[in-house]
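Shown next: my_file_30.txt, containing compact mmCIF, C-alpha atoms.
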# COMPACT_ATOMS: atom_id res chain seq x y z
CA MET A 1 111.69 81.99 112.59
CA PHE A 2 111.21 78.33 111.83
CA TYR A 3 107.88 77.22 110.48
CA VAL A 4 106.41 74.97 113.14
CA GLY A 5 102.76 75.59 112.57
CA GLY A 6 100.47 78.26 111.25
CA GLY A 7 99.40 79.58 114.65
CA LEU A 8 102.69 79.61 116.55
CA PRO A 9 103.97 83.01 115.34
CA LEU A 10 100.58 84.52 116.15
CA LEU A 11 100.74 83.10 119.66
CA LEU A 12 104.09 84.84 120.19
CA LEU A 13 102.68 88.29 119.40
CA PRO A 14 101.33 89.01 122.92
CA VAL A 15 104.64 87.92 124.45
CA LEU A 16 106.58 90.19 122.12
CA ALA A 17 104.19 93.08 122.71
CA LEU A 18 104.70 92.82 126.46
CA ARG A 19 108.47 92.18 126.46
CA LEU A 20 109.80 94.46 123.71
CA PRO A 21 110.35 98.05 124.86
CA GLU A 22 109.19 101.10 122.97
CA SER A 23 111.80 103.03 121.05
CA ALA A 24 113.67 105.83 122.79
CA ARG A 25 112.31 108.31 120.26
CA PHE A 26 108.69 107.33 120.93
CA LEU A 27 109.20 107.58 124.69
CA ALA A 28 110.79 111.03 124.30
CA MET A 29 107.87 112.23 122.16
CA ALA A 30 105.39 110.82 124.68
CA GLY A 31 107.22 112.50 127.57
CA ASP A 32 107.80 109.21 129.41
CA HIS A 33 111.09 110.06 131.14
CA VAL A 34 110.95 106.99 133.41
CA GLY A 35 110.67 104.56 130.49
CA LEU A 36 113.23 106.55 128.51
CA GLY A 37 115.67 106.41 131.43
CA ARG A 38 115.23 102.64 131.62
CA ILE A 39 116.02 102.28 127.90
CA LEU A 40 119.03 104.60 128.10
CA ARG A 41 120.45 102.72 131.11
CA ARG A 42 120.02 99.41 129.27
CA MET A 43 121.92 100.89 126.31
CA GLY A 44 124.66 102.17 128.63
CA SER A 45 124.13 105.75 127.51
CA PRO A 46 125.48 108.59 129.69
CA VAL A 47 122.68 110.90 128.50
CA ARG A 48 120.00 111.83 131.03
CA PRO A 49 116.35 111.46 129.93
CA GLU A 50 115.63 115.08 130.88
CA ASP A 51 118.24 116.28 128.36
CA ILE A 52 116.48 114.68 125.39
CA GLN A 53 113.91 116.78 123.59
CA ALA A 54 111.51 115.21 121.16
CA GLU A 55 111.89 116.19 117.53
CA PRO A 56 108.80 117.37 115.70
CA ALA A 57 107.23 114.83 113.41
CA ALA A 58 108.53 114.88 109.86
CA THR A 59 106.29 116.22 107.15
CA ARG A 60 104.79 113.71 104.78
CA SER A 61 105.88 113.60 101.17
CA ARG A 62 103.67 113.29 98.15
CA VAL A 63 103.89 110.32 95.80
CA SER A 64 104.68 112.74 92.98
CA SER A 65 108.02 113.52 94.68
CA LEU A 66 109.17 110.03 93.62
CA PHE A 67 109.18 111.26 90.02
CA THR A 68 111.11 114.51 90.57
CA GLU A 69 114.81 115.33 90.84
CA GLY A 70 115.94 112.47 88.62
CA ARG A 71 114.14 109.71 90.55
CA ARG A 72 111.67 108.86 87.77
CA PRO A 73 113.63 106.00 86.08
CA ALA A 74 114.48 104.27 89.36
CA THR A 75 110.91 104.63 90.64
CA LEU A 76 109.44 103.17 87.46
CA LEU A 77 111.90 100.26 87.48
CA ILE A 78 111.17 99.42 91.11
CA TRP A 79 107.43 99.57 90.52
CA LEU A 80 107.78 97.40 87.40
CA VAL A 81 109.80 94.76 89.27
CA MET A 82 107.30 94.73 92.14
CA PHE A 83 104.34 94.44 89.76
CA LEU A 84 105.93 91.65 87.75
CA SER A 85 106.93 89.73 90.87
CA CYS A 86 103.31 89.77 91.97
CA CYS A 87 101.65 88.80 88.70
CA TRP A 88 104.26 86.77 86.80
CA PRO A 89 103.38 83.28 88.21
CA THR A 90 99.71 83.82 87.40
CA CYS A 91 100.51 84.58 83.74
CA TRP A 92 101.77 81.06 83.03
Translate this structure into structure tokens?
Amino acid sequence: MFYVGGGLPLLLLPVLALRLPESARFLAMAGDHVGLGRILRRMGSPVRPEDIQAEPAATRSRVSSLFTEGRRPATLLIWLVMFLSCCWPTCW
């Protein structure tokens, strides 16, 4: 999006909130078969909304799982890059 002014993107939020549809997964979990049918028709899908069953929510992982199964070096490098990108200009 082009930078026109500080408030313009914020003014577009209500328009986007009203015009953008919910995801098909969210509508299936909420049981909104009418909205889900509308989305599926727009996508050109031959699947009927009644045939879709919502998946159970995924379990949450712990932060410590980032350091297991050989992920420790990559996790530390990513965190180091993110930290340095945030504080490097202030160190000058």
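Close contacts of A:Leu66, defined as residues with an atom at most 12 Å away when counting only C-alpha atoms, with chain neighbours fewer than 6 positions off set aside, comprise Arg72, Pro73, Ala74, Thr75, Leu76, Leu77, Ile78 and Trp79 of chain A.
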For C-alpha atoms, I'd like the residues from the last selection saved as a PDB file, in the coordinates of the input.
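Result file out-v6.pdb:
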ATOM      1  CA  ARG A  72     111.670 108.860  87.770  1.00  0.00           C
ATOM      2  CA  PRO A  73     113.630 106.000  86.080  1.00  0.00           C
ATOM      3  CA  ALA A  74     114.480 104.270  89.360  1.00  0.00           C
ATOM      4  CA  THR A  75     110.910 104.630  90.640  1.00  0.00           C
ATOM      5  CA  LEU A  76     109.440 103.170  87.460  1.00  0.00           C
ATOM      6  CA  LEU A  77     111.900 100.260  87.480  1.00  0.00           C
ATOM      7  CA  ILE A  78     111.170  99.420  91.110  1.00  0.00           C
ATOM      8  CA  TRP A  79     107.430  99.570  90.520  1.00  0.00           C
TER       9      TRP A  79
END
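Coordinates place atom CA of A:Ile39 at a distance of 14.2 Å from atom CA of A:Asp51.
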> So what do you get for atom CA of A:Arg62 versus atom CA of A:Gly31, distance-wise?
Replying inline: 29.6 Å
Which neighbours of A:Pro21 fall inside 10 Å, counting all atoms listed in the file, when residues of the same chain fewer than 2 positions from it are skipped, and could you give them as a short mmCIF file (atom, residue, chain, number, x, y, z; two decimals) with C-alpha atoms, in the coordinates of the input?
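out.cif was written with the following content:
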data_model
loop_
_atom_site.label_atom_id
_atom_site.label_comp_id
_atom_site.auth_asym_id
_atom_site.auth_seq_id
_atom_site.Cartn_x
_atom_site.Cartn_y
_atom_site.Cartn_z
CA LEU A 16 106.58 90.19 122.12
CA ALA A 17 104.19 93.08 122.71
CA LEU A 18 104.70 92.82 126.46
CA ARG A 19 108.47 92.18 126.46
CA SER A 23 111.80 103.03 121.05
CA ALA A 24 113.67 105.83 122.79
CA LEU A 27 109.20 107.58 124.69
CA GLY A 35 110.67 104.56 130.49
CA LEU A 36 113.23 106.55 128.51
CA ARG A 38 115.23 102.64 131.62
CA ILE A 39 116.02 102.28 127.90
#
> Separation of atom CA of A:Ala28 and atom CA of A:Pro49, in Å?
Replying inline: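 Computing the Euclidean distance for atom CA of A:Ala28 and atom CA of A:Pro49 yields 7.9 Å.
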>> Just checking: using only C-alpha atoms, which residue out of A:Arg25, A:Met82, A:Arg41, A:Val34 ends up closest to A:Ala57?
In response: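 Using only C-alpha atoms, the shortest distance to A:Ala57 belongs to A:Arg25.
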Output as AutoDock Vina command-line options the centre and edge lengths (Å, one decimal) of the box along x, y and z of the file that holds every listed atom of stretch 73-88 of chain A after adding 6 Å on each side.
--center_x 108.1 --center_y 96.4 --center_z 89.1 --size_x 24.8 --size_y 31.2 --size_z 18.1
Generate the coordinates of N, CA and C atoms for stretch 15-42 of chain A; report them as a PDB file, in the coordinates of the input.
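Written out: part.pdb:
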ATOM      1  N   VAL A  15     103.400  87.965 123.685  1.00  0.00           N
ATOM      2  CA  VAL A  15     104.640  87.920 124.450  1.00  0.00           C
ATOM      3  C   VAL A  15     105.593  89.009 123.974  1.00  0.00           C
ATOM      4  N   LEU A  16     105.715  89.162 122.663  1.00  0.00           N
ATOM      5  CA  LEU A  16     106.580  90.190 122.120  1.00  0.00           C
ATOM      6  C   LEU A  16     106.067  91.588 122.459  1.00  0.00           C
ATOM      7  N   ALA A  17     104.761  91.767 122.408  1.00  0.00           N
ATOM      8  CA  ALA A  17     104.190  93.080 122.710  1.00  0.00           C
ATOM      9  C   ALA A  17     104.438  93.483 124.156  1.00  0.00           C
ATOM     10  N   LEU A  18     104.462  92.511 125.050  1.00  0.00           N
ATOM     11  CA  LEU A  18     104.700  92.820 126.460  1.00  0.00           C
ATOM     12  C   LEU A  18     106.184  92.950 126.796  1.00  0.00           C
ATOM     13  N   ARG A  19     107.047  92.222 126.099  1.00  0.00           N
ATOM     14  CA  ARG A  19     108.470  92.180 126.460  1.00  0.00           C
ATOM     15  C   ARG A  19     109.325  93.189 125.711  1.00  0.00           C
ATOM     16  N   LEU A  20     108.975  93.535 124.475  1.00  0.00           N
ATOM     17  CA  LEU A  20     109.800  94.460 123.710  1.00  0.00           C
ATOM     18  C   LEU A  20     109.522  95.893 124.162  1.00  0.00           C
ATOM     19  N   PRO A  21     110.572  96.658 124.420  1.00  0.00           N
ATOM     20  CA  PRO A  21     110.350  98.050 124.860  1.00  0.00           C
ATOM     21  C   PRO A  21     110.020  98.951 123.679  1.00  0.00           C
ATOM     22  N   GLU A  22     109.417 100.083 123.994  1.00  0.00           N
ATOM     23  CA  GLU A  22     109.190 101.100 122.970  1.00  0.00           C
ATOM     24  C   GLU A  22     110.526 101.708 122.594  1.00  0.00           C
ATOM     25  N   SER A  23     110.557 102.384 121.469  1.00  0.00           N
ATOM     26  CA  SER A  23     111.800 103.030 121.050  1.00  0.00           C
ATOM     27  C   SER A  23     112.038 104.268 121.909  1.00  0.00           C
ATOM     28  N   ALA A  24     113.307 104.649 122.011  1.00  0.00           N
ATOM     29  CA  ALA A  24     113.670 105.830 122.790  1.00  0.00           C
ATOM     30  C   ALA A  24     113.015 107.083 122.203  1.00  0.00           C
ATOM     31  N   ARG A  25     112.922 107.146 120.901  1.00  0.00           N
ATOM     32  CA  ARG A  25     112.310 108.310 120.260  1.00  0.00           C
ATOM     33  C   ARG A  25     110.824 108.432 120.616  1.00  0.00           C
ATOM     34  N   PHE A  26     110.117 107.305 120.590  1.00  0.00           N
ATOM     35  CA  PHE A  26     108.690 107.330 120.930  1.00  0.00           C
ATOM     36  C   PHE A  26     108.495 107.761 122.381  1.00  0.00           C
ATOM     37  N   LEU A  27     109.315 107.230 123.281  1.00  0.00           N
ATOM     38  CA  LEU A  27     109.200 107.580 124.690  1.00  0.00           C
ATOM     39  C   LEU A  27     109.508 109.061 124.917  1.00  0.00           C
ATOM     40  N   ALA A  28     110.478 109.609 124.177  1.00  0.00           N
ATOM     41  CA  ALA A  28     110.790 111.030 124.300  1.00  0.00           C
ATOM     42  C   ALA A  28     109.630 111.881 123.795  1.00  0.00           C
ATOM     43  N   MET A  29     109.004 111.477 122.701  1.00  0.00           N
ATOM     44  CA  MET A  29     107.870 112.230 122.160  1.00  0.00           C
ATOM     45  C   MET A  29     106.666 112.145 123.086  1.00  0.00           C
ATOM     46  N   ALA A  30     106.507 110.998 123.766  1.00  0.00           N
ATOM     47  CA  ALA A  30     105.390 110.820 124.680  1.00  0.00           C
ATOM     48  C   ALA A  30     105.640 111.477 126.029  1.00  0.00           C
ATOM     49  N   GLY A  31     106.891 111.873 126.294  1.00  0.00           N
ATOM     50  CA  GLY A  31     107.220 112.500 127.570  1.00  0.00           C
ATOM     51  C   GLY A  31     107.395 111.518 128.701  1.00  0.00           C
ATOM     52  N   ASP A  32     107.614 110.250 128.392  1.00  0.00           N
ATOM     53  CA  ASP A  32     107.800 109.210 129.410  1.00  0.00           C
ATOM     54  C   ASP A  32     109.278 109.148 129.796  1.00  0.00           C
ATOM     55  N   HIS A  33     109.692 110.005 130.749  1.00  0.00           N
ATOM     56  CA  HIS A  33     111.090 110.060 131.140  1.00  0.00           C
ATOM     57  C   HIS A  33     111.525 108.835 131.931  1.00  0.00           C
ATOM     58  N   VAL A  34     110.608 108.195 132.642  1.00  0.00           N
ATOM     59  CA  VAL A  34     110.950 106.990 133.410  1.00  0.00           C
ATOM     60  C   VAL A  34     111.292 105.853 132.443  1.00  0.00           C
ATOM     61  N   GLY A  35     110.416 105.609 131.473  1.00  0.00           N
ATOM     62  CA  GLY A  35     110.670 104.560 130.490  1.00  0.00           C
ATOM     63  C   GLY A  35     111.895 104.871 129.638  1.00  0.00           C
ATOM     64  N   LEU A  36     112.067 106.150 129.297  1.00  0.00           N
ATOM     65  CA  LEU A  36     113.230 106.550 128.510  1.00  0.00           C
ATOM     66  C   LEU A  36     114.513 106.334 129.292  1.00  0.00           C
ATOM     67  N   GLY A  37     114.497 106.642 130.588  1.00  0.00           N
ATOM     68  CA  GLY A  37     115.670 106.410 131.430  1.00  0.00           C
ATOM     69  C   GLY A  37     116.024 104.943 131.507  1.00  0.00           C
ATOM     70  N   ARG A  38     115.004 104.082 131.572  1.00  0.00           N
ATOM     71  CA  ARG A  38     115.230 102.640 131.620  1.00  0.00           C
ATOM     72  C   ARG A  38     115.916 102.164 130.326  1.00  0.00           C
ATOM     73  N   ILE A  39     115.429 102.667 129.187  1.00  0.00           N
ATOM     74  CA  ILE A  39     116.020 102.280 127.900  1.00  0.00           C
ATOM     75  C   ILE A  39     117.452 102.786 127.798  1.00  0.00           C
ATOM     76  N   LEU A  40     117.687 104.030 128.194  1.00  0.00           N
ATOM     77  CA  LEU A  40     119.030 104.600 128.100  1.00  0.00           C
ATOM     78  C   LEU A  40     120.013 103.875 129.015  1.00  0.00           C
ATOM     79  N   ARG A  41     119.571 103.481 130.205  1.00  0.00           N
ATOM     80  CA  ARG A  41     120.450 102.720 131.110  1.00  0.00           C
ATOM     81  C   ARG A  41     120.779 101.357 130.498  1.00  0.00           C
ATOM     82  N   ARG A  42     119.780 100.715 129.889  1.00  0.00           N
ATOM     83  CA  ARG A  42     120.020  99.410 129.270  1.00  0.00           C
ATOM     84  C   ARG A  42     121.018  99.532 128.123  1.00  0.00           C
TER      85      ARG A  42
END
